[in-house]
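S.K.: Pasting a structure here, questions to come.
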Amino acid sequence: MAQDKRPEEEVFFEDIIKKTKTGITFPKELRENLFNEEIETFFRIKVPKEKDKIILEILTEEEAENQIVKIKESKPKTPKRATPKTKDESTSKKIAPNWGEYFIYDFKSREKVQPILESAFYKFAETPINMEDAMGRIKYALVSFLSGTKTENAKLYFSIIKLLIDIIERFDQPNLIDWIFEKIVPNIESKFLYEQAVLELLEVSLKIKRYEKAELFIFYVLKNIDEYPRSELYNIFNSFKQLVKKVRFIERTDKIDLLLKEKLMEYGEGVEDSDYKIQIVEFLEDLSYIELAYRLAKTIQKSLPADSVKVNEIRKIVKRLYTAPITEDKIN
């Protein structure tokens with residue numbers, strides 16, 4: 001691993017290693033001193049444009065999963081070239097599994113699990129559905145490919161949830177919502193993927209207008225956010241970002257709106273950092289809570305010192321919100 005040497009930095013470890021045909025191996029002394037073999041270690045790898053070094057940054061599991069989402073969102077989507085389709089091709093594509101949507105996070109047993117899930121998918125596509133057969137395949141996939149690693153299992157569970165969410169929407173199987181929440185979600189031992197799973201259930205419940213379920217799931221998402229220590233504001237605000245993204249363009253109930261407003265304002269008024277406060281303003285605006293967003297933006301504007309670099313930014317936000325149409329109920 002090439003690394004810039006700066007005289008003022010104290011080097012923990014230094015050695016010369018060689019790339020082999022199978023890749024690069026960390027020296028044993030470094031592995032023993034830096035890594036705990038019982039805990040999975042994650043890295044963020046970066047190569048600058050000059051291609052003269054490889055930078056590895058050690059991440060926690062939570063940070064790694066957040067970065068995966070961030071990198072996936074930032075990648076430009078390549079437009080697909082339109083090709084003529086026959087009627088049969090179009091029909092078969094409509095009922096094909098969407099593996100790219102299910103397997104967001106890769107795991108070791110994916111290749112073994114995929115054929116099982118594919119057979120289950122097509123069982124749900126049959127008319128009439130043999131529910132016992134279809135669910136038997138899902139249950140087999142859930143128990144037969146577990147490993148001794150919590151992260152691997154969480155990724156397996158999440159992939160199966162993504163498949164079942166697709167089945168709920170495409171084959172009108174709303175009863176699977178309760179089954180997922182009761183039988184799969186409690187087994188996810190990753191805080192990040194647990195939250196992602198409940199967000200998926202929240203979104204599909206709103207889409208198919210199962211509002212009583214959505215109100216339950218929003219409660220669990222907000223509870224999960226509250227359980228982060230306040231020192232982990234990055235994770236808290238990333239969770240809010242994912243939540244707003246899921247519900248922004250879907251019809252919501254008054255109860256859900258009330259919970260969102262209260263929780264966003266709690267953090268907007270509770271954090272000291274002006275960057276995070278401004279993020280809350282933007283979340284409120286995205287959800288069309290214009291009066292609340294304007295009120296918070298004005299509070300931030302008044303609290304900033306005159307020489308703050310944020311003065312111009314918040315001034316533009318206040319101006320934009322002042323002229324924005326109000327789509328929410330008048331707030332006393």
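Naming works like this for the structure tokens: A, B, ... for the chains as they're shown, residue 1 at the start of each chain, ligands 1 onward in shown order.
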Give me the residues near Lys277 in chain A as an mmCIF file with N, CA, C and O atoms, in the first residue's frame, where near means some atom within 10 Å (using only C-alpha atoms) and where sequence neighbours in that chain fewer than 6 positions away do not count.

M.R.:
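Result saved to selection-v9.cif:
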```cif
data_model
loop_
_atom_site.group_PDB
_atom_site.id
_atom_site.type_symbol
_atom_site.label_atom_id
_atom_site.label_comp_id
_atom_site.auth_asym_id
_atom_site.auth_seq_id
_atom_site.Cartn_x
_atom_site.Cartn_y
_atom_site.Cartn_z
ATOM 1 N N LEU A 264 -38.347 15.889 13.011
ATOM 2 C CA LEU A 264 -37.404 16.746 12.281
ATOM 3 C C LEU A 264 -37.157 18.054 13.036
ATOM 4 O O LEU A 264 -36.015 18.517 13.131
ATOM 5 N N MET A 265 -38.208 18.635 13.590
ATOM 6 C CA MET A 265 -38.040 19.876 14.354
ATOM 7 C C MET A 265 -37.258 19.626 15.646
ATOM 8 O O MET A 265 -36.492 20.489 16.097
ATOM 9 N N TYR A 267 -34.788 17.581 16.050
ATOM 10 C CA TYR A 267 -33.365 17.587 15.705
ATOM 11 C C TYR A 267 -32.928 18.945 15.160
ATOM 12 O O TYR A 267 -31.800 19.385 15.407
ATOM 13 N N GLY A 268 -33.820 19.603 14.410
ATOM 14 C CA GLY A 268 -33.480 20.914 13.869
ATOM 15 C C GLY A 268 -33.206 21.932 14.951
ATOM 16 O O GLY A 268 -32.327 22.795 14.822
ATOM 17 N N GLU A 269 -33.948 21.851 16.036
ATOM 18 C CA GLU A 269 -33.775 22.791 17.152
ATOM 19 C C GLU A 269 -32.757 22.278 18.170
ATOM 20 O O GLU A 269 -32.233 23.057 18.967
ATOM 21 N N GLY A 270 -32.460 20.970 18.127
ATOM 22 C CA GLY A 270 -31.594 20.379 19.145
ATOM 23 C C GLY A 270 -30.122 20.351 18.801
ATOM 24 O O GLY A 270 -29.274 20.391 19.691
ATOM 25 N N VAL A 271 -29.781 20.270 17.501
ATOM 26 C CA VAL A 271 -28.363 20.216 17.137
ATOM 27 C C VAL A 271 -27.773 21.619 17.086
ATOM 28 O O VAL A 271 -28.484 22.593 16.808
ATOM 29 N N PHE A 283 -34.895 18.947 4.435
ATOM 30 C CA PHE A 283 -35.790 17.791 4.573
ATOM 31 C C PHE A 283 -37.240 18.262 4.694
ATOM 32 O O PHE A 283 -38.146 17.696 4.067
ATOM 33 N N LEU A 296 -37.781 27.547 10.746
ATOM 34 C CA LEU A 296 -36.475 27.083 11.204
ATOM 35 C C LEU A 296 -35.353 27.831 10.488
ATOM 36 O O LEU A 296 -34.341 28.191 11.101
ATOM 37 N N ALA A 297 -35.530 28.080 9.193
ATOM 38 C CA ALA A 297 -34.505 28.804 8.430
ATOM 39 C C ALA A 297 -34.304 30.215 8.980
ATOM 40 O O ALA A 297 -33.173 30.699 9.086
ATOM 41 N N THR A 299 -34.850 31.162 12.062
ATOM 42 C CA THR A 299 -34.168 31.015 13.353
ATOM 43 C C THR A 299 -32.668 30.839 13.156
ATOM 44 O O THR A 299 -31.855 31.436 13.870
ATOM 45 N N ILE A 300 -32.307 30.002 12.169
ATOM 46 C CA ILE A 300 -30.885 29.790 11.865
ATOM 47 C C ILE A 300 -30.252 31.098 11.405
ATOM 48 O O ILE A 300 -29.151 31.466 11.836
#
```

S.K.: Using only C-alpha atoms, which protein or nucleic acid residues come within 8 Å of Lys150 in chain A? Drop anything in the same chain fewer than 6 positions from it, and give the result as a PyMOL selection string.

M.R.: chain A and resi 188-190

S.K.: With N, CA, C and O atoms retained, export the selected residues as a short mmCIF file (atom, residue, chain, number, x, y, z; two decimals), in the first residue's frame.

M.R.:
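Output contents, as saved in part_28.cif:
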```cif
data_model
loop_
_atom_site.label_atom_id
_atom_site.label_comp_id
_atom_site.auth_asym_id
_atom_site.auth_seq_id
_atom_site.Cartn_x
_atom_site.Cartn_y
_atom_site.Cartn_z
N ILE A 188 -32.60 -9.53 11.72
CA ILE A 188 -31.54 -8.71 11.12
C ILE A 188 -30.72 -8.06 12.22
O ILE A 188 -31.20 -7.18 12.93
N GLU A 189 -29.47 -8.48 12.37
CA GLU A 189 -28.61 -7.97 13.44
C GLU A 189 -27.62 -6.93 12.91
O GLU A 189 -26.46 -6.90 13.30
N SER A 190 -28.10 -6.11 12.02
CA SER A 190 -27.35 -4.95 11.53
C SER A 190 -28.29 -3.76 11.67
O SER A 190 -29.37 -3.76 11.08
#
```

S.K.: With distances taken over only C-alpha atoms, which of A:Tyr289, A:Tyr220, A:Tyr194, A:Tyr234 is nearest to Asp275 in chain A?

M.R.: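 Among the listed residues, the smallest separation from Asp275 in chain A belongs to A:Tyr234.
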
S.K.: So that I can check the surroundings of range 205-207 of chain A, please list as a ChimeraX atom specification every protein, DNA and RNA residue that reaches within 12 Å of it, counting only C-alpha atoms and ignoring chain neighbours fewer than 6 positions away.

M.R.: /A:165-166,168-170,172-178,181,198-199,213-218,246-253,256

S.K.: Convert the current residue selection to file output with N, CA, C and O atoms, as a CSV table (one decimal), in the first residue's frame.

M.R.:
```csv
chain,number,residue,atom,x,y,z
A,165,ILE,N,-40.9,-7.7,-1.4
A,165,ILE,CA,-41.5,-6.4,-1.6
A,165,ILE,C,-42.0,-6.3,-3.0
A,165,ILE,O,-43.1,-5.8,-3.4
A,166,ASP,N,-41.1,-6.8,-3.9
A,166,ASP,CA,-41.4,-6.7,-5.4
A,166,ASP,C,-42.6,-7.6,-5.7
A,166,ASP,O,-43.5,-7.3,-6.4
A,168,ILE,N,-45.0,-8.4,-3.5
A,168,ILE,CA,-46.2,-7.7,-3.0
A,168,ILE,C,-46.8,-6.8,-4.0
A,168,ILE,O,-48.0,-6.8,-4.2
A,169,GLU,N,-46.0,-6.0,-4.7
A,169,GLU,CA,-46.4,-5.0,-5.6
A,169,GLU,C,-46.9,-5.6,-6.9
A,169,GLU,O,-47.9,-5.3,-7.5
A,170,ARG,N,-46.1,-6.6,-7.4
A,170,ARG,CA,-46.4,-7.1,-8.8
A,170,ARG,C,-47.5,-8.2,-8.8
A,170,ARG,O,-48.2,-8.3,-9.8
A,172,ASP,N,-49.8,-8.6,-6.1
A,172,ASP,CA,-50.9,-8.3,-5.2
A,172,ASP,C,-50.9,-9.2,-4.0
A,172,ASP,O,-51.9,-9.9,-3.8
A,173,GLN,N,-49.8,-9.2,-3.2
A,173,GLN,CA,-49.7,-10.1,-2.0
A,173,GLN,C,-49.5,-9.3,-0.8
A,173,GLN,O,-48.5,-9.4,-0.1
A,174,PRO,N,-50.4,-8.4,-0.4
A,174,PRO,CA,-50.2,-7.5,0.8
A,174,PRO,C,-50.0,-8.2,2.1
A,174,PRO,O,-49.4,-7.7,3.0
A,175,ASN,N,-50.5,-9.4,2.2
A,175,ASN,CA,-50.4,-10.2,3.5
A,175,ASN,C,-48.9,-10.5,3.8
A,175,ASN,O,-48.6,-10.8,4.9
A,176,LEU,N,-48.1,-10.4,2.8
A,176,LEU,CA,-46.7,-10.7,3.0
A,176,LEU,C,-46.0,-9.6,3.9
A,176,LEU,O,-44.9,-9.8,4.4
A,177,ILE,N,-46.6,-8.4,3.9
A,177,ILE,CA,-46.0,-7.3,4.7
A,177,ILE,C,-45.9,-7.8,6.2
A,177,ILE,O,-44.8,-7.6,6.8
A,178,ASP,N,-47.0,-8.3,6.8
A,178,ASP,CA,-46.9,-8.8,8.2
A,178,ASP,C,-45.9,-9.9,8.3
A,178,ASP,O,-45.2,-10.0,9.3
A,181,PHE,N,-42.4,-8.6,8.4
A,181,PHE,CA,-42.1,-7.8,9.6
A,181,PHE,C,-41.9,-8.8,10.8
A,181,PHE,O,-41.1,-8.5,11.7
A,198,VAL,N,-37.1,-1.9,7.3
A,198,VAL,CA,-38.4,-1.3,7.7
A,198,VAL,C,-38.8,-0.1,6.8
A,198,VAL,O,-40.0,0.1,6.5
A,199,LEU,N,-37.8,0.6,6.3
A,199,LEU,CA,-38.1,1.6,5.3
A,199,LEU,C,-38.8,1.0,4.0
A,199,LEU,O,-39.7,1.6,3.5
A,213,LYS,N,-50.4,0.1,8.6
A,213,LYS,CA,-49.1,-0.5,8.6
A,213,LYS,C,-48.0,0.5,8.5
A,213,LYS,O,-47.0,0.5,9.2
A,214,ALA,N,-48.2,1.5,7.6
A,214,ALA,CA,-47.2,2.5,7.4
A,214,ALA,C,-47.0,3.3,8.7
A,214,ALA,O,-45.8,3.7,9.0
A,215,GLU,N,-48.0,3.6,9.4
A,215,GLU,CA,-47.9,4.3,10.7
A,215,GLU,C,-47.1,3.6,11.7
A,215,GLU,O,-46.4,4.1,12.5
A,216,LEU,N,-47.2,2.2,11.7
A,216,LEU,CA,-46.5,1.4,12.6
A,216,LEU,C,-45.0,1.5,12.2
A,216,LEU,O,-44.1,1.6,13.0
A,217,PHE,N,-44.7,1.3,10.9
A,217,PHE,CA,-43.3,1.3,10.4
A,217,PHE,C,-42.6,2.6,10.6
A,217,PHE,O,-41.4,2.6,10.9
A,218,ILE,N,-43.3,3.7,10.4
A,218,ILE,CA,-42.6,5.0,10.6
A,218,ILE,C,-42.2,5.2,12.1
A,218,ILE,O,-41.1,5.7,12.4
A,246,LYS,N,-37.7,8.0,0.7
A,246,LYS,CA,-38.8,7.0,0.6
A,246,LYS,C,-40.2,7.5,0.6
A,246,LYS,O,-41.0,7.0,-0.2
A,247,VAL,N,-40.5,8.6,1.4
A,247,VAL,CA,-41.9,9.0,1.5
A,247,VAL,C,-42.2,10.3,0.8
A,247,VAL,O,-43.3,10.8,0.8
A,248,ARG,N,-41.2,10.9,0.2
A,248,ARG,CA,-41.3,12.3,-0.3
A,248,ARG,C,-42.5,12.4,-1.3
A,248,ARG,O,-43.2,13.4,-1.3
A,249,PHE,N,-42.6,11.5,-2.2
A,249,PHE,CA,-43.5,11.6,-3.3
A,249,PHE,C,-44.7,10.7,-3.2
A,249,PHE,O,-45.4,10.5,-4.1
A,250,ILE,N,-45.0,10.2,-2.0
A,250,ILE,CA,-46.1,9.3,-1.8
A,250,ILE,C,-47.1,9.9,-0.8
A,250,ILE,O,-46.7,10.6,0.1
A,251,GLU,N,-48.4,9.7,-1.1
A,251,GLU,CA,-49.4,10.2,-0.2
A,251,GLU,C,-49.2,9.6,1.2
A,251,GLU,O,-49.1,8.4,1.4
A,252,ARG,N,-49.3,10.5,2.2
A,252,ARG,CA,-49.1,10.1,3.6
A,252,ARG,C,-50.3,10.5,4.5
A,252,ARG,O,-51.1,11.4,4.1
A,253,THR,N,-50.4,9.9,5.6
A,253,THR,CA,-51.5,10.2,6.5
A,253,THR,C,-51.1,11.4,7.4
A,253,THR,O,-49.9,11.7,7.5
A,256,ILE,N,-48.6,10.4,10.1
A,256,ILE,CA,-47.3,10.2,9.7
A,256,ILE,C,-46.6,11.6,9.5
A,256,ILE,O,-45.5,11.8,9.9
```

S.K.: If you count only C-alpha atoms, which residues fall within 10 Å of range 237-242 of chain A, apart from same-chain ones fewer than 3 positions away, as a list in words?

M.R.: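 That gives Asn66, Val69, Lys70, Phe192, Glu195, Gln196, Leu199, Val221, Leu222, Asn224, Ile225, Glu232, Leu233, Tyr234, Lys245, Lys246, Val247, Leu260, Lys263, Leu264, Tyr267, Tyr276, Gln279, Ile280, Glu282 and Phe283 of chain A.
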
S.K.: DSSP on the backbone: what in range 6-246 of chain A comes out alpha helix (DSSP H), as JSON, numbers by chain?

M.R.: {"A": [28, 29, 30, 31, 32, 33, 34, 61, 62, 63, 64, 65, 66, 67, 68, 69, 70, 71, 72, 73, 74, 87, 88, 89, 90, 91, 92, 93, 94, 99, 100, 101, 102, 110, 111, 112, 113, 114, 115, 116, 117, 118, 119, 120, 121, 122, 123, 124, 125, 131, 132, 133, 134, 135, 136, 137, 138, 139, 140, 141, 142, 143, 144, 150, 151, 152, 153, 154, 155, 156, 157, 158, 159, 160, 161, 162, 163, 164, 165, 166, 167, 168, 169, 170, 171, 176, 177, 178, 179, 180, 181, 182, 183, 191, 192, 193, 194, 195, 196, 197, 198, 199, 200, 201, 202, 203, 204, 205, 206, 207, 211, 212, 213, 214, 215, 216, 217, 218, 219, 220, 221, 222, 223, 224, 225, 226, 233, 234, 235, 236, 237, 238, 239, 240, 241, 242, 243, 244, 245, 246]}

S.K.: Can you pull out the residues contacting Val309 in chain A? Cut-off 12 Å, using only C-alpha atoms, and skip same-chain residues under 5 positions away; I want them as a list in words.

M.R.: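 Here the qualifying residues turn out to be Ser274, Asp275, Gln301, Leu304, Ile314 and Arg315 of chain A.
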
S.K.: Need the shell around Ile58 in chain A: protein/DNA/RNA residues with any atom at most 12 Å away, counting only C-alpha atoms. Skip same-chain ones fewer than 5 positions apart. Format as a PyMOL selection string?

M.R.: chain A and resi 34-35+40-46+63-64

S.K.: Rounded to one decimal, what separation in Å do you get between CA of Ser109 in chain A and CA of Glu65 in chain A?

M.R.: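 Answer for the CA of Ser109 in chain A to CA of Glu65 in chain A separation: 18.6 Å.
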
S.K.: Please, which residues in range 220-307 of chain A fall within 8 Å of range 320-324 of chain A when counting only C-alpha atoms, and what is the closest atom pair and distance in Å to one decimal for each, ordered by chain then residue number, as a tab-separated table?

M.R.:
```
residue	atom	partner	partner_atom	distance
A:Glu285	CA	A:Leu321	CA	7.9
A:Ile290	CA	A:Leu321	CA	6.6
A:Ala293	CA	A:Leu321	CA	7.4
A:Tyr294	CA	A:Leu321	CA	5.7
```

S.K.: Can you pull out every residue within 9 Å of Tyr157 in chain A, counting only C-alpha atoms, but drop anything in the same chain fewer than 5 positions away, and send it as an MDAnalysis selection string?

M.R.: chainID A and resid 142 152 162 184:185 187:188 197

S.K.: What does the structure give for the distance between CA of Lys298 in chain A and CA of Glu313 in chain A, in Å to one decimal?

M.R.: 12.1 Å

S.K.: Report as a VMD selection string: the residues of range 9-213 of chain A with a DSSP assignment of strand (DSSP E or B), based on the backbone of this structure.

M.R.: chain A and resid 20 23 42 to 46 55 to 59

S.K.: What does the structure give for the distance between CA of Ala141 in chain A and CA of Ala154 in chain A, in Å to one decimal?

M.R.: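 Rounded to one decimal, the two atoms are 13.1 Å apart.
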
S.K.: Check the smallest atom-to-atom distance from each of A:Phe219, A:Phe107, A:Tyr211, A:Phe124 to Ile95 in chain A using only C-alpha atoms, then report the winner.

M.R.: A:Phe124
